[in-house]
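Here's run37.tsv, which has TSV, C-alpha atoms:
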chain	number	residue	atom	x	y	z
A	1	MET	CA	138.97	123.07	54.30
A	2	LEU	CA	136.09	120.73	53.53
A	3	LEU	CA	137.33	118.27	56.18
A	4	ALA	CA	137.55	121.02	58.81
A	5	VAL	CA	133.77	121.64	58.82
A	6	PRO	CA	132.78	118.14	60.03
A	7	LEU	CA	135.53	118.24	62.65
A	8	LEU	CA	134.33	121.61	63.97
A	9	LEU	CA	130.74	120.36	63.99
A	10	ALA	CA	131.74	117.24	65.96
A	11	ALA	CA	133.74	119.32	68.45
A	12	GLY	CA	130.80	121.65	68.94
A	13	LEU	CA	128.41	118.76	69.59
A	14	LEU	CA	130.77	117.26	72.14
A	15	ALA	CA	131.16	120.59	73.94
A	16	ALA	CA	127.39	121.07	74.01
A	17	ALA	CA	126.94	117.67	75.65
A	18	GLY	CA	128.51	119.08	78.83
A	19	PRO	CA	131.21	117.70	81.07
A	20	ALA	CA	130.87	114.10	82.13
A	21	GLN	CA	130.39	113.53	85.84
A	22	ALA	CA	132.98	111.09	87.18
A	23	GLN	CA	131.52	108.42	89.39
A	24	ARG	CA	133.46	108.14	92.63
A	25	VAL	CA	133.05	105.12	94.88
A	26	ASP	CA	131.87	106.17	98.34
A	27	THR	CA	133.43	104.32	101.28
A	28	THR	CA	130.17	104.50	103.23
A	29	THR	CA	128.62	102.05	100.73
A	30	LEU	CA	131.46	99.52	101.15
A	31	THR	CA	132.46	97.18	103.94
A	32	CYS	CA	135.76	97.91	105.61
A	33	ALA	CA	137.36	94.96	103.80
A	34	GLN	CA	136.05	96.16	100.42
A	35	ALA	CA	137.39	99.69	100.92
A	36	ARG	CA	140.78	98.39	102.07
A	37	GLY	CA	140.84	95.98	99.12
A	38	ALA	CA	140.06	98.74	96.61
A	39	VAL	CA	143.06	100.73	97.84
A	40	ALA	CA	145.30	97.66	97.84
A	41	ARG	CA	144.32	96.69	94.27
A	42	ALA	CA	144.56	100.18	92.79
A	43	GLY	CA	147.66	101.32	94.67
A	44	GLY	CA	146.37	104.89	94.64
A	45	ILE	CA	142.68	105.75	94.41
A	46	VAL	CA	140.31	108.64	95.10
A	47	LEU	CA	137.35	107.54	97.22
A	48	GLY	CA	134.40	109.49	98.50
A	49	SER	CA	133.86	109.43	102.24
A	50	GLY	CA	130.26	110.57	102.53
A	51	GLY	CA	128.56	113.52	100.88
A	52	PRO	CA	130.83	115.84	98.89
A	53	THR	CA	134.03	114.82	100.71
A	54	TYR	CA	136.70	112.67	99.13
A	55	ASP	CA	140.39	111.92	99.48
A	56	ARG	CA	143.19	110.04	97.75
A	57	PHE	CA	144.28	106.87	99.51
A	58	VAL	CA	147.42	104.89	98.71
A	59	ARG	CA	148.69	101.38	99.39
A	60	ASP	CA	152.23	102.53	100.24
A	61	ARG	CA	154.72	105.36	99.82
A	62	SER	CA	155.62	104.32	96.27
A	63	PHE	CA	152.36	106.01	95.18
A	64	CYS	CA	153.39	109.36	96.69
A	65	GLU	CA	155.58	112.15	95.33
A	66	ALA	CA	159.30	111.92	96.15
A	67	THR	CA	159.05	114.55	98.90
A	68	GLU	CA	155.94	113.10	100.55
A	69	VAL	CA	155.57	110.61	103.38
A	70	THR	CA	152.59	108.48	104.35
A	71	ARG	CA	150.20	108.87	107.23
A	72	SER	CA	147.65	106.24	108.24
A	73	ALA	CA	144.24	106.95	106.72
A	74	TYR	CA	140.84	106.02	108.12
A	75	ALA	CA	137.46	106.40	106.43
A	76	PRO	CA	133.86	105.65	107.42
A	77	THR	CA	132.54	102.45	105.87
A	78	ARG	CA	129.28	100.55	106.08
A	79	THR	CA	130.71	98.24	108.74
A	80	ASP	CA	133.20	100.46	110.59
A	81	PRO	CA	132.97	104.21	111.25
A	82	SER	CA	136.78	104.44	111.38
A	83	CYS	CA	138.20	101.80	109.04
A	84	PHE	CA	141.93	101.75	108.28
A	85	VAL	CA	141.92	101.80	104.45
A	86	GLY	CA	145.56	102.59	103.74
A	87	TYR	CA	147.57	105.78	103.78
A	88	ARG	CA	147.48	109.42	102.66
A	89	CYS	CA	150.46	111.16	101.09
A	90	ILE	CA	151.47	114.31	102.93
A	91	GLU	CA	154.29	116.83	102.74
A	92	PRO	CA	156.12	116.52	106.07
A	93	GLY	CA	156.32	119.61	108.21
A	94	PHE	CA	158.68	120.50	111.01
A	95	ASP	CA	156.46	118.76	113.59
A	96	ASP	CA	156.51	115.54	111.61
A	97	TRP	CA	160.27	115.29	112.06
A	98	PHE	CA	160.84	116.89	115.45
A	99	GLY	CA	157.46	117.29	117.12
A	100	ASP	CA	155.82	115.29	119.87
A	101	ARG	CA	153.07	113.28	118.22
Just give me the structure as structure tokens.
Amino acid sequence: MLLAVPLLLAAGLLAAAGPAQAQRVDTTTLTCAQARGAVARAGGIVLGSGGPTYDRFVRDRSFCEATEVTRSAYAPTRTDPSCFVGYRCIEPGFDDWFGDR
């Protein structure tokens, strides 16, 4: 029982500190090559794309769920407003298999 008091006190102090804000790299601060390189190195990474928007980008389909496929992904960077950075994982719909795209 005596050990439980310090543990509860420590837990309370941590909870009072508040949630930590995760720092997300924003593609608009990177060159196109840097953004593409970050995706290639990480394999799968969440990047901001200006303001409150963000998305998960992957190097290839091996970073997706078994039922997902990849679609080319572009993001604004410091050097290119529409830089190919990798792919997004998506659940394929009917149009993806039989539609005219």
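Between Ser49 of chain A and the residues A:Val25, A:Val69, A:Cys64, A:Ala33, the shortest atom-to-atom distance, using all atoms listed in the file, involves A:Val25.
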Radius query 10 Å about (136.8, 102.5, 101.4), atoms used: all atoms listed in the file, as a PyMOL selection string: chain A and resi 25-39+45-49+57+74-78+83-86
Please, could you write that set of residues out with C-alpha atoms as a PDB file, in the frame of the given file?
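Final output, saved to again_26.pdb:
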ATOM      1  CA  VAL A  25     133.050 105.120  94.880  1.00  0.00           C
ATOM      2  CA  ASP A  26     131.870 106.170  98.340  1.00  0.00           C
ATOM      3  CA  THR A  27     133.430 104.320 101.280  1.00  0.00           C
ATOM      4  CA  THR A  28     130.170 104.500 103.230  1.00  0.00           C
ATOM      5  CA  THR A  29     128.620 102.050 100.730  1.00  0.00           C
ATOM      6  CA  LEU A  30     131.460  99.520 101.150  1.00  0.00           C
ATOM      7  CA  THR A  31     132.460  97.180 103.940  1.00  0.00           C
ATOM      8  CA  CYS A  32     135.760  97.910 105.610  1.00  0.00           C
ATOM      9  CA  ALA A  33     137.360  94.960 103.800  1.00  0.00           C
ATOM     10  CA  GLN A  34     136.050  96.160 100.420  1.00  0.00           C
ATOM     11  CA  ALA A  35     137.390  99.690 100.920  1.00  0.00           C
ATOM     12  CA  ARG A  36     140.780  98.390 102.070  1.00  0.00           C
ATOM     13  CA  GLY A  37     140.840  95.980  99.120  1.00  0.00           C
ATOM     14  CA  ALA A  38     140.060  98.740  96.610  1.00  0.00           C
ATOM     15  CA  VAL A  39     143.060 100.730  97.840  1.00  0.00           C
ATOM     16  CA  ILE A  45     142.680 105.750  94.410  1.00  0.00           C
ATOM     17  CA  VAL A  46     140.310 108.640  95.100  1.00  0.00           C
ATOM     18  CA  LEU A  47     137.350 107.540  97.220  1.00  0.00           C
ATOM     19  CA  GLY A  48     134.400 109.490  98.500  1.00  0.00           C
ATOM     20  CA  SER A  49     133.860 109.430 102.240  1.00  0.00           C
ATOM     21  CA  PHE A  57     144.280 106.870  99.510  1.00  0.00           C
ATOM     22  CA  TYR A  74     140.840 106.020 108.120  1.00  0.00           C
ATOM     23  CA  ALA A  75     137.460 106.400 106.430  1.00  0.00           C
ATOM     24  CA  PRO A  76     133.860 105.650 107.420  1.00  0.00           C
ATOM     25  CA  THR A  77     132.540 102.450 105.870  1.00  0.00           C
ATOM     26  CA  ARG A  78     129.280 100.550 106.080  1.00  0.00           C
ATOM     27  CA  CYS A  83     138.200 101.800 109.040  1.00  0.00           C
ATOM     28  CA  PHE A  84     141.930 101.750 108.280  1.00  0.00           C
ATOM     29  CA  VAL A  85     141.920 101.800 104.450  1.00  0.00           C
ATOM     30  CA  GLY A  86     145.560 102.590 103.740  1.00  0.00           C
TER      31      GLY A  86
END
Distance in Å - atom CA of Ser62 of chain A versus atom CA of Gly50 of chain A: 26.9 Å
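The space between atom CA of Ile90 of chain A and atom CA of Thr70 of chain A spans 6.1 Å.
Counting from atom CA of Tyr87 of chain A, the distance to atom CA of Glu65 of chain A is 13.3 Å.
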From A:Ala40, A:Pro81, A:Glu91, A:Arg24, residue lying nearest Pro52 of chain A [only C-alpha atoms]: A:Arg24
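For the set A:Gly43, A:Gly51, A:Cys89, A:Asp80, the residue with the smallest atom-to-atom gap to Glu68 of chain A is A:Cys89, counting only C-alpha atoms.
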Work out where the centre of an axis-aligned box around every listed atom of segment 46-64 of chain A lies and how long its edges are once 5 Å is added on each side; give both in Å to one decimal as JSON.
{"center_x": 142.1, "center_y": 108.6, "center_z": 98.8, "size_x": 37.1, "size_y": 24.5, "size_z": 17.4}
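Closest approach to Arg41 of chain A among A:Thr67, A:Ser82, A:Arg88, A:Asp60 is made by A:Asp60 (distances from only C-alpha atoms).
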Saved segment 12-91 of chain A from the preceding structure, C-alpha atoms, as a PDB file, in the first residue's frame:
ATOM      1  CA  GLY A  12      -1.434  12.317 -11.387  1.00  0.00           C
ATOM      2  CA  LEU A  13       1.485  14.620 -12.175  1.00  0.00           C
ATOM      3  CA  LEU A  14       1.871  13.113 -15.625  1.00  0.00           C
ATOM      4  CA  ALA A  15      -1.841  13.502 -16.347  1.00  0.00           C
ATOM      5  CA  ALA A  16      -1.767  17.120 -15.189  1.00  0.00           C
ATOM      6  CA  ALA A  17       1.090  17.874 -17.583  1.00  0.00           C
ATOM      7  CA  GLY A  18      -1.349  17.483 -20.488  1.00  0.00           C
ATOM      8  CA  PRO A  19      -1.058  15.568 -23.720  1.00  0.00           C
ATOM      9  CA  ALA A  20       2.127  16.016 -25.687  1.00  0.00           C
ATOM     10  CA  GLN A  21       1.732  17.619 -29.088  1.00  0.00           C
ATOM     11  CA  ALA A  22       3.293  15.462 -31.795  1.00  0.00           C
ATOM     12  CA  GLN A  23       5.444  17.402 -34.201  1.00  0.00           C
ATOM     13  CA  ARG A  24       4.546  16.577 -37.785  1.00  0.00           C
ATOM     14  CA  VAL A  25       6.858  17.507 -40.634  1.00  0.00           C
ATOM     15  CA  ASP A  26       5.089  19.784 -43.113  1.00  0.00           C
ATOM     16  CA  THR A  27       5.812  19.137 -46.798  1.00  0.00           C
ATOM     17  CA  THR A  28       5.598  22.859 -47.570  1.00  0.00           C
ATOM     18  CA  THR A  29       8.833  23.388 -45.612  1.00  0.00           C
ATOM     19  CA  LEU A  30      10.703  20.698 -47.579  1.00  0.00           C
ATOM     20  CA  THR A  31      12.023  20.507 -51.109  1.00  0.00           C
ATOM     21  CA  CYS A  32      10.380  17.950 -53.356  1.00  0.00           C
ATOM     22  CA  ALA A  33      13.445  15.692 -53.070  1.00  0.00           C
ATOM     23  CA  GLN A  34      13.420  15.928 -49.262  1.00  0.00           C
ATOM     24  CA  ALA A  35       9.730  15.021 -49.022  1.00  0.00           C
ATOM     25  CA  ARG A  36      10.149  12.107 -51.428  1.00  0.00           C
ATOM     26  CA  GLY A  37      13.241  10.974 -49.505  1.00  0.00           C
ATOM     27  CA  ALA A  38      11.412  11.068 -46.161  1.00  0.00           C
ATOM     28  CA  VAL A  39       8.743   8.734 -47.533  1.00  0.00           C
ATOM     29  CA  ALA A  40      11.332   6.440 -49.118  1.00  0.00           C
ATOM     30  CA  ARG A  41      13.372   6.175 -45.892  1.00  0.00           C
ATOM     31  CA  ALA A  42      10.417   5.676 -43.548  1.00  0.00           C
ATOM     32  CA  GLY A  43       8.368   3.398 -45.795  1.00  0.00           C
ATOM     33  CA  GLY A  44       5.176   4.813 -44.305  1.00  0.00           C
ATOM     34  CA  ILE A  45       4.963   8.279 -42.776  1.00  0.00           C
ATOM     35  CA  VAL A  46       2.382  10.902 -41.837  1.00  0.00           C
ATOM     36  CA  LEU A  47       3.283  14.314 -43.248  1.00  0.00           C
ATOM     37  CA  GLY A  48       1.514  17.630 -42.964  1.00  0.00           C
ATOM     38  CA  SER A  49       0.633  19.326 -46.226  1.00  0.00           C
ATOM     39  CA  GLY A  50       0.003  22.886 -45.113  1.00  0.00           C
ATOM     40  CA  GLY A  51      -2.102  24.141 -42.226  1.00  0.00           C
ATOM     41  CA  PRO A  52      -4.101  21.490 -40.359  1.00  0.00           C
ATOM     42  CA  THR A  53      -4.100  18.975 -43.241  1.00  0.00           C
ATOM     43  CA  TYR A  54      -2.020  15.830 -43.233  1.00  0.00           C
ATOM     44  CA  ASP A  55      -1.944  12.407 -44.834  1.00  0.00           C
ATOM     45  CA  ARG A  56      -0.100   9.100 -44.649  1.00  0.00           C
ATOM     46  CA  PHE A  57       2.266   8.451 -47.520  1.00  0.00           C
ATOM     47  CA  VAL A  58       3.909   5.115 -48.299  1.00  0.00           C
ATOM     48  CA  ARG A  59       6.864   3.932 -50.356  1.00  0.00           C
ATOM     49  CA  ASP A  60       5.021   0.919 -51.793  1.00  0.00           C
ATOM     50  CA  ARG A  61       2.074  -1.417 -51.266  1.00  0.00           C
ATOM     51  CA  SER A  62       3.900  -3.456 -48.613  1.00  0.00           C
ATOM     52  CA  PHE A  63       3.075  -0.617 -46.171  1.00  0.00           C
ATOM     53  CA  CYS A  64      -0.676  -0.931 -46.820  1.00  0.00           C
ATOM     54  CA  GLU A  65      -3.279  -3.273 -45.361  1.00  0.00           C
ATOM     55  CA  ALA A  66      -3.838  -6.550 -47.236  1.00  0.00           C
ATOM     56  CA  THR A  67      -7.054  -5.293 -48.860  1.00  0.00           C
ATOM     57  CA  GLU A  68      -5.661  -1.905 -49.905  1.00  0.00           C
ATOM     58  CA  VAL A  69      -4.018  -0.791 -53.135  1.00  0.00           C
ATOM     59  CA  THR A  70      -1.817   2.218 -53.810  1.00  0.00           C
ATOM     60  CA  ARG A  71      -2.622   5.415 -55.623  1.00  0.00           C
ATOM     61  CA  SER A  72      -0.012   8.007 -56.608  1.00  0.00           C
ATOM     62  CA  ALA A  73       0.234  10.790 -54.030  1.00  0.00           C
ATOM     63  CA  TYR A  74       1.236  14.394 -54.614  1.00  0.00           C
ATOM     64  CA  ALA A  75       1.836  17.078 -51.995  1.00  0.00           C
ATOM     65  CA  PRO A  76       2.814  20.755 -52.083  1.00  0.00           C
ATOM     66  CA  THR A  77       6.471  21.342 -51.274  1.00  0.00           C
ATOM     67  CA  ARG A  78       8.707  24.382 -51.109  1.00  0.00           C
ATOM     68  CA  THR A  79       9.961  23.743 -54.648  1.00  0.00           C
ATOM     69  CA  ASP A  80       6.971  22.106 -56.362  1.00  0.00           C
ATOM     70  CA  PRO A  81       3.266  22.744 -55.745  1.00  0.00           C
ATOM     71  CA  SER A  82       2.450  19.191 -56.888  1.00  0.00           C
ATOM     72  CA  CYS A  83       5.388  16.957 -55.978  1.00  0.00           C
ATOM     73  CA  PHE A  84       5.094  13.178 -56.374  1.00  0.00           C
ATOM     74  CA  VAL A  85       6.088  11.976 -52.879  1.00  0.00           C
ATOM     75  CA  GLY A  86       4.993   8.348 -53.039  1.00  0.00           C
ATOM     76  CA  TYR A  87       1.652   6.633 -52.681  1.00  0.00           C
ATOM     77  CA  ARG A  88      -1.483   6.569 -50.519  1.00  0.00           C
ATOM     78  CA  CYS A  89      -3.154   3.345 -49.423  1.00  0.00           C
ATOM     79  CA  ILE A  90      -6.801   3.149 -50.414  1.00  0.00           C
ATOM     80  CA  GLU A  91      -9.562   0.563 -50.289  1.00  0.00           C
TER      81      GLU A  91
END
